[in-house]
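Below is query_20.cif, holding mmCIF, C-alpha atoms.
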data_run
#
loop_
_atom_site.label_atom_id
_atom_site.label_comp_id
_atom_site.auth_asym_id
_atom_site.auth_seq_id
_atom_site.Cartn_x
_atom_site.Cartn_y
_atom_site.Cartn_z
CA LYS A 1 9.18 -40.04 -95.07
CA LYS A 2 11.25 -39.37 -91.95
CA HIS A 3 12.18 -35.99 -93.38
CA ILE A 4 8.54 -35.21 -94.13
CA PHE A 5 7.43 -36.17 -90.58
CA LEU A 6 10.29 -34.11 -89.11
CA ILE A 7 9.34 -31.04 -91.16
CA CYS A 8 5.66 -31.44 -90.21
CA GLY A 9 6.61 -31.75 -86.54
CA ILE A 10 8.68 -28.58 -86.67
CA ILE A 11 5.82 -26.69 -88.33
CA PHE A 12 3.35 -28.00 -85.73
CA LEU A 13 5.55 -26.90 -82.82
CA SER A 14 6.01 -23.47 -84.40
CA VAL A 15 2.26 -23.05 -84.62
CA ILE A 16 1.85 -23.99 -80.94
CA VAL A 17 4.58 -21.60 -79.82
CA THR A 18 3.16 -18.79 -81.93
CA TYR A 19 -0.51 -19.05 -81.06
CA ALA A 20 -0.57 -20.61 -77.59
CA PRO A 21 0.24 -17.37 -75.69
CA ARG A 22 -2.37 -15.53 -77.72
CA GLY A 23 -4.97 -18.09 -76.77
CA TYR A 24 -3.95 -17.92 -73.11
CA ASN A 25 -4.26 -14.14 -73.08
CA GLN A 26 -7.73 -14.38 -74.53
CA LYS A 27 -8.76 -16.40 -71.47
CA ASP A 28 -7.00 -14.12 -69.01
CA PRO A 29 -9.65 -13.16 -66.47
CA ASN A 30 -7.96 -9.80 -65.96
CA GLU A 31 -8.98 -8.80 -69.46
CA ILE A 32 -12.57 -9.93 -69.13
CA LYS A 33 -14.87 -6.96 -68.82
CA VAL A 34 -17.96 -7.50 -66.72
CA GLU A 35 -20.79 -5.23 -67.75
CA ILE A 36 -23.19 -4.31 -64.95
CA PRO A 37 -26.72 -4.37 -66.29
CA LYS A 38 -28.29 -0.92 -66.27
CA LEU A 39 -31.60 -0.39 -64.52
CA SER A 40 -34.53 0.06 -66.80
CA PRO A 41 -36.12 3.53 -66.96
CA MET A 42 -39.19 2.14 -65.18
CA THR A 43 -37.09 0.74 -62.30
CA GLN A 44 -35.19 4.02 -61.97
CA MET A 45 -38.47 5.93 -61.89
CA ILE A 46 -39.88 3.62 -59.18
CA GLN A 47 -36.76 3.96 -57.03
CA SER A 48 -36.74 7.74 -57.43
CA ALA A 49 -40.43 7.94 -56.51
CA ARG A 50 -39.87 5.73 -53.45
CA ALA A 51 -36.98 7.92 -52.24
CA ALA A 52 -39.04 11.08 -52.82
CA GLY A 53 -41.91 9.55 -50.84
CA GLU A 54 -39.61 8.70 -47.92
CA ASP A 55 -38.28 12.27 -47.92
CA ARG A 56 -41.82 13.71 -47.87
CA ARG A 57 -42.77 11.48 -44.95
CA ALA A 58 -39.60 12.45 -43.08
CA GLU A 59 -40.29 16.15 -43.63
CA LYS A 60 -43.86 15.74 -42.35
CA ARG A 61 -42.67 13.79 -39.30
CA TYR A 62 -40.25 16.54 -38.40
CA ALA A 63 -42.87 19.27 -38.88
CA LYS A 64 -45.36 17.32 -36.76
CA ARG A 65 -42.76 16.72 -34.06
CA ASN A 66 -42.00 20.44 -33.91
CA ALA A 67 -45.70 21.32 -33.75
CA GLU A 68 -46.59 18.79 -31.06
CA ILE A 69 -43.29 18.49 -29.21
CA VAL A 70 -43.48 17.57 -25.55
CA THR A 71 -40.31 17.86 -23.49
CA PHE A 72 -39.30 15.02 -21.23
CA VAL A 73 -40.20 15.16 -17.56
CA GLU A 74 -37.15 14.84 -15.34
CA ASP A 75 -38.60 12.22 -13.01
CA ASN A 76 -39.96 10.08 -15.82
CA PRO A 77 -38.12 6.73 -15.49
CA PRO A 78 -36.20 5.68 -18.62
CA PRO A 79 -37.13 2.37 -20.27
CA ASN A 80 -33.62 0.93 -19.85
CA PRO A 81 -32.00 2.04 -16.56
CA ASP A 82 -28.92 -0.19 -16.84
CA ASN A 83 -26.45 1.41 -19.24
CA ALA A 84 -26.84 4.52 -21.36
CA ALA A 85 -23.98 3.52 -23.68
CA LEU A 86 -26.06 0.66 -25.10
CA LEU A 87 -28.66 3.15 -26.31
CA TYR A 88 -26.03 5.58 -27.58
CA TYR A 89 -24.49 2.82 -29.70
CA GLN A 90 -27.92 2.00 -31.12
CA ALA A 91 -28.48 5.68 -31.86
CA PHE A 92 -25.23 5.81 -33.84
CA LEU A 93 -26.51 3.01 -36.08
CA LEU A 94 -29.71 4.94 -36.81
CA ARG A 95 -27.93 7.97 -38.26
CA PRO A 96 -28.70 8.42 -41.97
CA GLU A 97 -25.71 9.49 -44.05
CA PRO A 98 -26.23 13.08 -45.32
CA ASN A 99 -25.48 13.98 -48.91
CA GLU A 100 -23.00 16.72 -49.78
CA SER A 101 -25.70 19.38 -50.04
CA VAL A 102 -27.13 18.62 -46.58
CA PHE A 103 -23.65 18.42 -45.06
CA TYR A 104 -22.78 21.85 -46.47
CA LYS A 105 -26.05 23.43 -45.33
CA MET A 106 -25.69 22.03 -41.82
CA ASN A 107 -22.29 23.68 -41.54
CA MET A 108 -23.82 26.94 -42.74
CA ILE A 109 -26.43 26.72 -39.96
CA PHE A 110 -23.61 26.89 -37.41
CA GLY A 111 -22.75 30.22 -39.02
CA GLY A 112 -26.24 31.63 -38.50
CA GLU A 113 -28.22 30.31 -41.49
CA VAL A 114 -31.72 28.89 -40.99
CA ALA A 115 -32.57 25.28 -41.84
CA ASP A 116 -34.32 24.94 -45.19
CA ARG A 117 -36.60 22.17 -46.41
CA GLU A 118 -33.74 19.84 -47.33
CA VAL A 119 -32.16 20.08 -43.86
CA ARG A 120 -35.54 19.64 -42.17
CA THR A 121 -36.15 16.53 -44.26
CA TYR A 122 -32.81 15.13 -43.15
CA LEU A 123 -33.64 15.91 -39.51
CA GLY A 124 -36.90 14.07 -40.04
CA HIS A 125 -34.90 10.99 -41.01
CA CYS A 126 -32.77 11.56 -37.88
CA LEU A 127 -35.70 11.61 -35.43
CA PRO A 128 -35.24 7.97 -34.29
CA MET A 129 -31.59 8.74 -33.53
CA ILE A 130 -32.44 11.99 -31.73
CA ASN A 131 -35.14 10.40 -29.61
CA LEU A 132 -32.95 7.48 -28.59
CA ALA A 133 -30.06 9.76 -27.68
CA GLU A 134 -32.45 11.87 -25.59
CA ILE A 135 -33.53 8.79 -23.64
CA ALA A 136 -29.94 7.57 -23.23
CA SER A 137 -28.84 10.93 -21.82
CA ARG A 138 -31.27 10.57 -18.88
CA ILE A 139 -29.89 7.21 -17.77
CA PRO A 140 -27.48 7.74 -14.84
CA GLN A 141 -25.15 4.80 -15.50
CA CYS A 142 -22.98 4.85 -18.63
CA THR A 143 -20.18 2.36 -19.28
CA TRP A 144 -18.74 2.60 -22.80
CA GLY A 145 -16.86 -0.70 -22.58
CA LEU A 146 -13.68 0.34 -24.41
CA TRP A 147 -10.44 -1.57 -23.79
CA ASN A 148 -7.66 0.57 -22.37
CA ASP A 149 -4.80 -0.46 -24.65
CA SER A 150 -3.22 0.60 -27.92
CA GLU A 151 -5.05 -2.06 -29.91
CA THR A 152 -8.35 -0.21 -29.51
CA GLU A 153 -7.18 3.12 -30.89
CA PHE A 154 -9.38 2.68 -33.96
CA GLY A 155 -12.40 2.03 -31.75
CA LEU A 156 -11.74 5.27 -29.89
CA ILE A 157 -11.45 7.20 -33.15
CA ASP A 158 -14.66 5.65 -34.42
CA LEU A 159 -16.49 6.52 -31.19
CA ARG A 160 -15.27 10.11 -31.37
CA SER A 161 -16.52 10.35 -34.95
CA ASN A 162 -19.97 9.06 -33.98
CA ILE A 163 -20.12 11.44 -31.02
CA GLY A 164 -19.28 14.29 -33.39
CA HIS A 165 -22.08 13.33 -35.79
CA LEU A 166 -24.55 13.08 -32.91
CA ARG A 167 -23.70 16.46 -31.37
CA ASN A 168 -23.85 18.15 -34.79
CA ILE A 169 -27.34 16.77 -35.41
CA LEU A 170 -28.49 17.78 -31.92
CA SER A 171 -27.04 21.26 -32.43
CA VAL A 172 -28.81 21.74 -35.77
CA ASP A 173 -32.03 20.41 -34.27
CA ALA A 174 -31.72 22.85 -31.35
CA ARG A 175 -31.25 25.81 -33.68
CA THR A 176 -34.14 24.70 -35.89
CA LEU A 177 -36.44 24.31 -32.89
CA ALA A 178 -35.49 27.81 -31.80
CA ALA A 179 -36.25 29.14 -35.28
CA ASP A 180 -39.71 27.54 -34.96
CA GLY A 181 -40.30 29.20 -31.60
CA GLN A 182 -39.84 25.99 -29.57
CA TYR A 183 -37.31 27.53 -27.20
CA ARG A 184 -37.77 25.18 -24.27
CA ALA A 185 -37.39 22.13 -26.49
CA ALA A 186 -34.33 23.74 -28.08
CA MET A 187 -32.80 24.16 -24.62
CA GLU A 188 -33.55 20.51 -23.91
CA ARG A 189 -31.33 19.58 -26.85
CA CYS A 190 -28.53 21.54 -25.21
CA ILE A 191 -29.14 19.68 -21.96
CA THR A 192 -28.98 16.40 -23.88
CA MET A 193 -25.53 17.33 -25.21
CA LEU A 194 -24.40 18.31 -21.71
CA ARG A 195 -25.58 14.98 -20.32
CA LEU A 196 -23.72 13.21 -23.10
CA SER A 197 -20.64 15.19 -22.10
CA ARG A 198 -21.02 13.98 -18.50
CA HIS A 199 -21.39 10.40 -19.62
CA LEU A 200 -18.14 10.70 -21.55
CA SER A 201 -16.27 12.36 -18.69
CA GLY A 202 -16.97 9.37 -16.48
CA ASP A 203 -14.44 7.35 -18.50
CA SER A 204 -10.84 8.50 -18.08
CA GLY A 205 -10.05 7.54 -21.67
CA LEU A 206 -12.89 9.69 -22.99
CA CYS A 207 -12.44 12.74 -20.79
CA ARG A 208 -10.87 14.80 -23.58
CA ILE A 209 -13.75 13.98 -25.93
CA SER A 210 -16.26 15.04 -23.28
CA LEU A 211 -15.43 18.72 -23.77
CA GLU A 212 -16.60 18.70 -27.41
CA PRO A 213 -20.36 18.16 -26.83
CA GLU A 214 -20.21 20.60 -23.90
CA PHE A 215 -18.80 23.36 -26.10
CA SER A 216 -21.42 22.55 -28.76
CA ALA A 217 -24.17 22.77 -26.16
CA MET A 218 -22.96 26.14 -24.91
CA ARG A 219 -22.69 27.58 -28.42
CA ALA A 220 -26.20 26.35 -29.25
CA ALA A 221 -27.54 27.79 -25.98
CA GLN A 222 -25.91 31.12 -26.77
CA TYR A 223 -27.66 31.15 -30.17
CA ILE A 224 -31.03 30.24 -28.61
CA LEU A 225 -30.75 32.95 -25.96
CA GLY A 226 -29.99 35.44 -28.72
CA VAL A 227 -33.20 34.74 -30.66
CA MET A 228 -35.73 33.91 -27.93
CA PRO A 229 -37.86 36.52 -26.17
CA PRO A 230 -37.51 36.89 -22.39
CA ASP A 231 -38.90 33.75 -20.72
CA VAL A 232 -38.26 33.50 -17.00
CA GLU A 233 -39.64 29.97 -16.68
CA THR A 234 -37.44 28.53 -19.44
CA LEU A 235 -34.33 30.31 -18.18
CA THR A 236 -34.97 29.25 -14.59
CA ARG A 237 -35.42 25.64 -15.65
CA PHE A 238 -32.26 25.72 -17.75
CA ARG A 239 -30.25 27.25 -14.89
CA GLY A 240 -31.54 24.61 -12.47
CA GLN A 241 -30.53 21.79 -14.81
CA LEU A 242 -27.04 23.27 -15.16
CA THR A 243 -26.70 23.53 -11.40
CA ASN A 244 -27.48 19.85 -10.93
CA MET A 245 -24.77 18.75 -13.36
CA LYS A 246 -21.22 18.00 -12.38
CA ASP A 247 -18.44 20.09 -13.86
CA VAL A 248 -16.84 18.35 -16.85
CA GLN A 249 -14.00 20.86 -17.14
CA SER A 250 -12.93 20.22 -13.55
CA ASN A 251 -12.74 16.50 -14.38
CA TYR A 252 -10.62 17.35 -17.40
CA ILE A 253 -8.27 19.49 -15.30
CA ARG A 254 -7.98 16.74 -12.72
CA MET A 255 -7.13 14.24 -15.49
CA LEU A 256 -4.39 16.55 -16.81
CA GLN A 257 -2.96 16.86 -13.30
CA GLU A 258 -2.88 13.08 -12.92
CA ASP A 259 -1.16 12.75 -16.31
CA PHE A 260 1.42 15.32 -15.24
CA LYS A 261 2.14 13.50 -11.99
CA SER A 262 2.58 10.16 -13.80
CA THR A 263 5.18 11.58 -16.25
#
Take the structure from the file and write it as structure tokens.
Amino acid sequence: KKHIFLICGIIFLSVIVTYAPRGYNQKDPNEIKVEIPKLSPMTQMIQSARAAGEDRRAEKRYAKRNAEIVTFVEDNPPPNPDNAALLYYQAFLLRPEPNESVFYKMNMIFGGEVADREVRTYLGHCLPMINLAEIASRIPQCTWGLWNDSETEFGLIDLRSNIGHLRNILSVDARTLAADGQYRAAMERCITMLRLSRHLSGDSGLCRISLEPEFSAMRAAQYILGVMPPDVETLTRFRGQLTNMKDVQSNYIRMLQEDFKST
């Protein structure tokens, strides 16, 4: 009997050793495949129809804005006179992410192409961002609130990226307004970019970034002047606004001189 029990015990242990790892692997969570339930055709159709409806409304809003656009009056007090940066940050959050097609077409507009329906629809989605940036640009005080140390390098990069997105949208909007014959409003977009540039130049850490929206504004203005008919009133107004602005490039040169002295 002892021999029989010993043999049975050996067989039992062999079975455990042989099959236990296999059982453990079957329960390994790394091998469990989670299948994401697919949307039903009806749900996909509803979502597609909703997105198409939002695009149509955005396109109509942009067309209506261009048809009824009213430029801001210079002495009109802004709703928040404390800090323009607060409104700029809110504007960044309102930017809709463009798809690859819109992104490509926007870059082509900088080369002289005219905005098509898809770009106009995207600009319609961007109207809340554009309007808020326009208001922010007219607020005198702008404090960005960035820490001046190496730990905030990512924040500076992120801010520069958002500034780039904003000036690209304003530039495309300016060119589209000019294509629609709204030359004064198109020039106002250039002024908005110039004001943004001045707000950036007020911070020593952002002085280099301040040149980017200024160059974008000047390139957009050059395009607008090339397509608009002679308009003394619009040109006189634009020249007067430029005269009242401080020189960003002189601030940049002064910053470089200070950096040179400190090295």
May I ask which of the residues A:Ile163, A:Ile224, A:Cys207, A:Val102 is the closest one to Ala133 of chain A, counting all atoms listed in the file?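 Nearest to Ala133 of chain A: A:Ile163.
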Where does segment 149-207 of chain A meet segment 121-130 of chain A within 9 Å, residue by residue, with the nearest atom pair and distance in Å to one decimal for each, counting only C-alpha atoms, listed by chain and rising number, as a tab-separated table?
residue	atom	partner	partner_atom	distance
A:Leu166	CA	A:Ile130	CA	8.1
A:Ile169	CA	A:Leu123	CA	7.6
A:Leu170	CA	A:Ile130	CA	7.0
A:Val172	CA	A:Leu123	CA	8.4
A:Asp173	CA	A:Leu123	CA	7.1
Written as JSON, numbers by chain, what is the full residue list that the PyMOL selection byres ((chain A and resi 194-199) around 8) yields on the file shown? {"A": [137, 138, 141, 142, 190, 191, 192, 193, 200, 201, 202, 203, 209, 210, 211, 212, 213, 214, 217, 245, 246, 248]}
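Closest approach to Ser161 of chain A among A:Phe92, A:Val227, A:Leu39, A:Trp144 is made by A:Phe92 (distances from all atoms listed in the file).
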Is there a way to get, as a list in words, all residues within 12 Å of the point (-23.6, 17.3, -45.8) in file coordinates, counting all atoms listed in the file?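 Residues satisfying the cut-off, written out: Pro96, Glu97, Pro98, Asn99, Glu100, Ser101, Val102, Phe103, Tyr104, Lys105, Met106, Asn107, Met108, Ile109, Glu118, Val119, Tyr122, Leu123, His165, Asn168 and Ile169 of chain A.
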